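Single-structure report; data block below.
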Amino acid sequence: MDFGQIVADLERLLKLRSIPIGMKLYESRQEMEQIPRVRRPSAVHALDQIVGQAARLGWTVGVTGEDLVGAQCRAVVGLSGAKTPAWMSGEHMVGVWFETLEDASAHQHAMHCVEDGQYEALAVSPLASGRIEEPDIALFYATPGAMIYFINGLQWSGYQNFEWGVVGESACADSWGRALTKREPSLSIPCFAERRYGGVLDDEMLMALPPEYLRQAIDGMNALAGN
């Protein structure tokens with residue numbers, strides 16, 4: 001795919017304020033570390049910060065489970081066996097995000113998470129840089145107005161009704177977690193952690209989707225512009 005042209009088209013059509021990025025999971029740390037100019041964190045981060053560094057600063061960043069703070073970030077992308085019984089119980093979220101253990105456990109079970117055990121590392125990078133070969137998913141932030149235009153473009157040909165959920169906190173499960181697991185366009189309202197640690201603005205939403213959908217949406221938006 002010509003990601004340079006695709007990104008140029010997205011920026012022209014949607015007036016994006018941040019960089020469209022790619023995300024890819026790797027079975028080994030060594031494979032991830034072969035990415036050209038990849039940066040490795042010097043301290044633990046939330047995955048929201050790693051995504052923000054790619055989308056706001058244009059960095060290419062690779063992480064393993066040890067680089068991510070807490071099991072919540074690791075579990076969504078399937079790193080380091082994070083989905084333990086204690087994690088699934090949600091006990092760490094009781095009194096913080098949910099009133100009861102039952103509420104917290106229901107939240108954990110509602111999240112879209114990559115299956116544990118298959119991957120050891122993850123990388124994010126600007127799509128147009130070409131540093132990640134064949135990214136698993138593409139992601140971009142945009143205003144609600146830009147997002148509905150993008151969705152209208154997806155629906156121009158081969159219409160489908162999109163239905164998305166809101167898990168609440170840990171909204172990365174609604175975006176990159178859902179796109180990685182269901183292989184479908186996945187829209188989310190970024191949560192507290194994404195806004196506090198990832199630099200997401202209050203008027204931004206996040207779209208995550210397999211890259212092959214991008215050209216379909218661009219062709220659709222171009223058609224709509226002519227109407």
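Residues in the structure tokens are named by chain (A, B, ... in the order shown) and by number from 1 within that chain; ligands are numbered from 1 in the order shown.
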Next item on the list: Might you pull out every residue within 7 Å of segment 39-53 of chain A, with only C-alpha atoms counted and same-chain residues fewer than 6 positions away left off, and present them as a VMD selection string?
Entry: chain A and resid 59 to 63 67 to 69 73 124 193 to 194 197 to 199
Contacts between segment 1-11 of chain A and segment 47-156 of chain A, please, where a residue of segment 47-156 of chain A counts if it comes within 10 Å (with only C-alpha atoms); show its shortest atom pair and distance in Å to one decimal, rows by chain and ascending number, as a Markdown table.
```
| residue | atom | partner | partner_atom | distance |
| --- | --- | --- | --- | --- |
| A:Pro126 | CA | A:Val7 | CA | 9.3 |
| A:Leu127 | CA | A:Phe3 | CA | 6.0 |
| A:Ala128 | CA | A:Gly4 | CA | 4.4 |
| A:Ser129 | CA | A:Gly4 | CA | 7.5 |
| A:Gly130 | CA | A:Phe3 | CA | 7.3 |
| A:Glu133 | CA | A:Met1 | CA | 10.0 |
| A:Glu134 | CA | A:Met1 | CA | 8.5 |
| A:Phe140 | CA | A:Leu10 | CA | 9.4 |
| A:Ala146 | CA | A:Leu10 | CA | 10.0 |
| A:Phe150 | CA | A:Leu10 | CA | 8.9 |
```
Keeping N, CA, C and O atoms for every residue in the selection just given, could you write it to a file as a short mmCIF file (atom, residue, chain, number, x, y, z; two decimals), in the first residue's frame?
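So part.cif came out as:
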```cif
data_model
loop_
_atom_site.label_atom_id
_atom_site.label_comp_id
_atom_site.auth_asym_id
_atom_site.auth_seq_id
_atom_site.Cartn_x
_atom_site.Cartn_y
_atom_site.Cartn_z
N PRO A 126 4.46 6.42 12.55
CA PRO A 126 3.70 7.11 11.52
C PRO A 126 3.56 6.25 10.27
O PRO A 126 4.55 5.68 9.79
N LEU A 127 2.35 6.14 9.75
CA LEU A 127 2.11 5.31 8.58
C LEU A 127 2.99 5.72 7.40
O LEU A 127 3.53 4.87 6.69
N ALA A 128 3.11 7.03 7.18
CA ALA A 128 3.82 7.51 6.01
C ALA A 128 5.32 7.24 6.07
O ALA A 128 6.00 7.29 5.04
N SER A 129 5.87 6.93 7.25
CA SER A 129 7.31 6.69 7.37
C SER A 129 7.74 5.38 6.73
O SER A 129 8.89 5.21 6.34
N GLY A 130 6.82 4.42 6.66
CA GLY A 130 7.14 3.12 6.09
C GLY A 130 8.04 2.26 6.94
O GLY A 130 8.54 1.23 6.48
N GLU A 133 6.54 -2.55 8.43
CA GLU A 133 6.05 -3.24 7.25
C GLU A 133 4.72 -3.93 7.57
O GLU A 133 4.62 -4.65 8.56
N GLU A 134 3.73 -3.71 6.75
CA GLU A 134 2.42 -4.35 6.88
C GLU A 134 1.87 -4.23 8.31
O GLU A 134 1.72 -5.22 9.02
N PHE A 140 -6.02 6.89 13.71
CA PHE A 140 -5.92 8.34 13.62
C PHE A 140 -6.96 8.99 14.52
O PHE A 140 -8.04 8.45 14.76
N ALA A 146 -15.15 15.18 11.34
CA ALA A 146 -14.29 14.45 10.42
C ALA A 146 -14.57 12.96 10.48
O ALA A 146 -14.54 12.26 9.45
N PHE A 150 -15.57 10.39 7.42
CA PHE A 150 -14.80 9.17 7.14
C PHE A 150 -15.71 7.95 7.11
O PHE A 150 -15.62 7.10 6.22
#
```
Next item on the list: Could you jot down the atom CA of Ile21 of chain A to atom CA of Ser157 of chain A separation for me, Å, one decimal place?
Entry: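 Distance reported for this atom pair: 24.8 Å.
Excluding Asn222 of chain A and any residue on its chain fewer than 5 positions from it, the residues at most 10 Å away by only C-alpha atoms are Asp9, Leu13, Gly153, Trp156, Ala217 and Asn227 of chain A.
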Given the selection you just returned, output its residues as a file containing N, CA, C and O atoms, formatted as a short mmCIF file (atom, residue, chain, number, x, y, z; two decimals), in the first residue's frame.
```cif
data_model
loop_
_atom_site.label_atom_id
_atom_site.label_comp_id
_atom_site.auth_asym_id
_atom_site.auth_seq_id
_atom_site.Cartn_x
_atom_site.Cartn_y
_atom_site.Cartn_z
N ASP A 9 -3.93 11.93 1.49
CA ASP A 9 -5.37 12.03 1.21
C ASP A 9 -6.18 12.22 2.48
O ASP A 9 -7.12 13.03 2.52
N LEU A 13 -8.52 15.48 3.21
CA LEU A 13 -9.96 15.32 3.32
C LEU A 13 -10.49 15.61 4.73
O LEU A 13 -11.61 16.12 4.89
N GLY A 153 -17.71 7.82 4.07
CA GLY A 153 -16.88 7.31 2.99
C GLY A 153 -16.81 5.80 2.99
O GLY A 153 -16.87 5.15 1.93
N TRP A 156 -20.10 4.45 1.51
CA TRP A 156 -20.48 4.84 0.16
C TRP A 156 -20.71 3.62 -0.73
O TRP A 156 -21.67 3.54 -1.48
N ALA A 217 -12.41 4.09 2.26
CA ALA A 217 -12.99 5.31 2.82
C ALA A 217 -12.59 6.53 2.02
O ALA A 217 -13.41 7.43 1.79
N ASN A 227 -20.47 15.21 -4.83
CA ASN A 227 -21.93 15.28 -4.79
C ASN A 227 -22.44 16.54 -4.12
O ASN A 227 -23.60 16.64 -3.80
#
```
Would you mind writing down, as a compact mmCIF listing (two decimals) with N, CA and C atoms, in the first residue's frame, each residue of segment 2-226 of chain A that DSSP on the backbone assigns to strand (DSSP E)?
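This is the output file states-v1.txt:
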```
# COMPACT_ATOMS: atom_id res chain seq x y z
N ILE A 21 -1.11 6.78 12.28
CA ILE A 21 -0.05 5.86 12.66
C ILE A 21 -0.46 4.41 12.40
N GLY A 22 0.55 3.55 12.38
CA GLY A 22 0.32 2.12 12.30
C GLY A 22 0.75 1.44 13.58
N MET A 23 0.14 0.31 13.87
CA MET A 23 0.48 -0.50 15.05
C MET A 23 0.65 -1.95 14.59
N LYS A 24 1.70 -2.59 15.11
CA LYS A 24 1.93 -3.98 14.75
C LYS A 24 2.42 -4.77 15.96
N LEU A 25 1.92 -5.98 16.10
CA LEU A 25 2.36 -6.90 17.14
C LEU A 25 3.42 -7.83 16.56
N TYR A 26 4.40 -8.18 17.40
CA TYR A 26 5.51 -9.03 16.98
C TYR A 26 5.63 -10.22 17.92
N VAL A 61 8.15 3.84 18.01
CA VAL A 61 8.43 3.34 19.36
C VAL A 61 8.04 1.87 19.45
N GLY A 62 8.93 1.08 20.03
CA GLY A 62 8.66 -0.33 20.27
C GLY A 62 8.68 -0.65 21.74
N VAL A 63 7.76 -1.51 22.18
CA VAL A 63 7.66 -1.86 23.60
C VAL A 63 7.46 -3.36 23.77
N THR A 64 7.82 -3.82 24.95
CA THR A 64 7.45 -5.15 25.42
C THR A 64 6.62 -4.97 26.68
N ALA A 121 6.04 -8.36 21.68
CA ALA A 121 6.37 -6.95 21.50
C ALA A 121 5.36 -6.27 20.60
N LEU A 122 5.39 -4.94 20.62
CA LEU A 122 4.49 -4.12 19.83
C LEU A 122 5.24 -2.87 19.40
N ALA A 123 4.88 -2.35 18.22
CA ALA A 123 5.48 -1.09 17.77
C ALA A 123 4.42 -0.20 17.15
N VAL A 124 4.63 1.10 17.28
CA VAL A 124 3.79 2.11 16.64
C VAL A 124 4.69 3.06 15.87
N SER A 125 4.18 3.57 14.76
CA SER A 125 4.99 4.44 13.92
C SER A 125 4.09 5.20 12.96
N PRO A 126 4.46 6.42 12.55
CA PRO A 126 3.70 7.11 11.52
C PRO A 126 3.56 6.25 10.27
N ILE A 137 -2.88 -2.69 12.14
CA ILE A 137 -3.97 -1.72 12.10
C ILE A 137 -3.41 -0.32 11.90
N ALA A 138 -4.26 0.57 11.42
CA ALA A 138 -3.97 1.99 11.33
C ALA A 138 -4.84 2.73 12.33
N LEU A 139 -4.36 3.86 12.84
CA LEU A 139 -5.10 4.65 13.81
C LEU A 139 -4.95 6.13 13.48
N PHE A 140 -6.02 6.89 13.71
CA PHE A 140 -5.92 8.34 13.62
C PHE A 140 -6.96 8.99 14.52
N TYR A 141 -6.60 10.18 15.02
CA TYR A 141 -7.50 10.99 15.83
C TYR A 141 -8.11 12.06 14.94
N ALA A 142 -9.37 12.36 15.19
CA ALA A 142 -10.06 13.40 14.42
C ALA A 142 -11.28 13.88 15.19
N SER A 186 -13.06 0.47 14.05
CA SER A 186 -13.45 0.55 15.46
C SER A 186 -13.27 1.98 15.96
N LEU A 187 -14.39 2.62 16.28
CA LEU A 187 -14.40 4.00 16.73
C LEU A 187 -14.52 4.05 18.24
N SER A 188 -13.79 4.97 18.88
CA SER A 188 -13.89 5.09 20.33
C SER A 188 -13.91 6.55 20.75
N MET A 205 -11.87 12.09 18.64
CA MET A 205 -12.22 10.68 18.73
C MET A 205 -11.11 9.88 18.04
N LEU A 206 -11.12 8.57 18.24
CA LEU A 206 -10.07 7.72 17.68
C LEU A 206 -10.68 6.64 16.81
N MET A 207 -10.15 6.51 15.60
CA MET A 207 -10.53 5.42 14.70
C MET A 207 -9.34 4.47 14.57
N ALA A 208 -9.59 3.19 14.76
CA ALA A 208 -8.60 2.14 14.54
C ALA A 208 -9.21 1.13 13.59
N LEU A 209 -8.43 0.68 12.61
CA LEU A 209 -9.00 -0.21 11.60
C LEU A 209 -7.89 -0.90 10.82
```
Next item on the list: May I have the residues within 6 Å of segment 111-114 of chain A as a PyMOL selection string, using only C-alpha atoms and disregarding those fewer than 6 positions away in the same chain?
Entry: chain A and resi 76-78+173+177-178+181
Next item on the list: Enumerate, as an MDAnalysis selection string, the complete set of residues in segment 73-157 of chain A that a backbone-based DSSP assignment places in helix (DSSP H, G or I).
Entry: chainID A and resid 73:76 85:89 91:93 101:110 127:129 144:155
Notebook entry, point to check: In terms of the shortest atom-to-atom distance over only C-alpha atoms, which of A:Leu201, A:Ile148, A:Val167, A:Ile35 is closest to Trp97 of chain A?
Noted result: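 Using only C-alpha atoms, the shortest distance to Trp97 of chain A belongs to A:Val167.
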Next item on the list: Determine the nearest neighbour of Tyr119 of chain A from the options A:Arg17, A:Arg196, A:Arg74, A:Lys182, counting only C-alpha atoms.
Entry: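 Closest to Tyr119 of chain A of all the choices is A:Arg74.
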Leu154 of chain A environment, 12 Å, only C-alpha atoms, sequence neighbours closer than 6 positions dropped, as a JSON list (two decimals) with N, CA and C atoms, in the first residue's frame:
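Result saved to result-v4.json:
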```
[["chain", "number", "residue", "atom", "x", "y", "z"],
["A", 147, "MET", "N", -14.87, 12.45, 11.67],
["A", 147, "MET", "CA", -15.12, 11.01, 11.80],
["A", 147, "MET", "C", -16.38, 10.59, 11.05],
["A", 148, "ILE", "N", -17.44, 11.37, 11.12],
["A", 148, "ILE", "CA", -18.65, 10.94, 10.42],
["A", 148, "ILE", "C", -18.45, 11.03, 8.92],
["A", 160, "GLN", "N", -22.50, -0.92, 5.23],
["A", 160, "GLN", "CA", -22.81, -1.70, 6.43],
["A", 160, "GLN", "C", -23.11, -0.75, 7.57],
["A", 161, "ASN", "N", -23.94, -1.23, 8.48],
["A", 161, "ASN", "CA", -24.30, -0.47, 9.66],
["A", 161, "ASN", "C", -23.26, -0.76, 10.74],
["A", 162, "PHE", "N", -22.53, 0.27, 11.17],
["A", 162, "PHE", "CA", -21.51, 0.08, 12.20],
["A", 162, "PHE", "C", -22.13, 0.21, 13.58],
["A", 184, "GLU", "N", -12.06, -5.06, 12.22],
["A", 184, "GLU", "CA", -13.10, -4.18, 11.71],
["A", 184, "GLU", "C", -12.78, -2.74, 12.08],
["A", 185, "PRO", "N", -13.31, -1.76, 11.33],
["A", 185, "PRO", "CA", -13.20, -0.37, 11.78],
["A", 185, "PRO", "C", -13.78, -0.23, 13.18],
["A", 209, "LEU", "N", -8.43, 0.68, 12.61],
["A", 209, "LEU", "CA", -9.00, -0.21, 11.60],
["A", 209, "LEU", "C", -7.89, -0.90, 10.82],
["A", 212, "GLU", "N", -6.51, -1.92, 5.06],
["A", 212, "GLU", "CA", -7.18, -2.06, 3.77],
["A", 212, "GLU", "C", -8.47, -1.27, 3.68],
["A", 213, "TYR", "N", -9.03, -0.85, 4.80],
["A", 213, "TYR", "CA", -10.24, -0.03, 4.78],
["A", 213, "TYR", "C", -9.96, 1.43, 4.41],
["A", 214, "LEU", "N", -8.72, 1.87, 4.53],
["A", 214, "LEU", "CA", -8.41, 3.29, 4.33],
["A", 214, "LEU", "C", -8.70, 3.74, 2.90],
["A", 215, "ARG", "N", -8.25, 2.98, 1.92],
["A", 215, "ARG", "CA", -8.48, 3.37, 0.53],
["A", 215, "ARG", "C", -9.97, 3.36, 0.21],
["A", 216, "GLN", "N", -10.71, 2.39, 0.76],
["A", 216, "GLN", "CA", -12.16, 2.36, 0.55],
["A", 216, "GLN", "C", -12.81, 3.64, 1.05],
["A", 217, "ALA", "N", -12.41, 4.09, 2.26],
["A", 217, "ALA", "CA", -12.99, 5.31, 2.82],
["A", 217, "ALA", "C", -12.59, 6.53, 2.02],
["A", 218, "ILE", "N", -11.33, 6.59, 1.58],
["A", 218, "ILE", "CA", -10.87, 7.74, 0.79],
["A", 218, "ILE", "C", -11.63, 7.83, -0.53],
["A", 219, "ASP", "N", -11.78, 6.69, -1.21],
["A", 219, "ASP", "CA", -12.54, 6.69, -2.47],
["A", 219, "ASP", "C", -13.97, 7.15, -2.24],
["A", 220, "GLY", "N", -14.56, 6.70, -1.11],
["A", 220, "GLY", "CA", -15.92, 7.11, -0.79],
["A", 220, "GLY", "C", -16.03, 8.59, -0.49],
["A", 221, "MET", "N", -15.07, 9.13, 0.26],
["A", 221, "MET", "CA", -15.10, 10.56, 0.58],
["A", 221, "MET", "C", -14.90, 11.41, -0.67],
["A", 222, "ASN", "N", -14.04, 10.96, -1.57],
["A", 222, "ASN", "CA", -13.87, 11.68, -2.83],
["A", 222, "ASN", "C", -15.16, 11.70, -3.64],
["A", 223, "ALA", "N", -15.88, 10.58, -3.64],
["A", 223, "ALA", "CA", -17.16, 10.52, -4.34],
["A", 223, "ALA", "C", -18.19, 11.46, -3.70],
["A", 224, "LEU", "N", -18.22, 11.48, -2.37],
["A", 224, "LEU", "CA", -19.16, 12.36, -1.67],
["A", 224, "LEU", "C", -18.83, 13.82, -1.92]]
```
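In this model, the gap between atom CA of Ala71 of chain A and atom CA of Trp87 of chain A comes to 7.2 Å.
The coordinates place atom CA of Ser18 of chain A at 5.6 Å from atom CA of Arg56 of chain A.
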Next item on the list: Considering only C-alpha atoms, return as a PyMOL selection string whatever protein or nucleic-acid residues lie within 12 Å of segment 99-104 of chain A, sequence-local ones (same chain, fewer than 2 positions apart) excluded.
Entry: chain A and resi 86-97+106-111+167-170
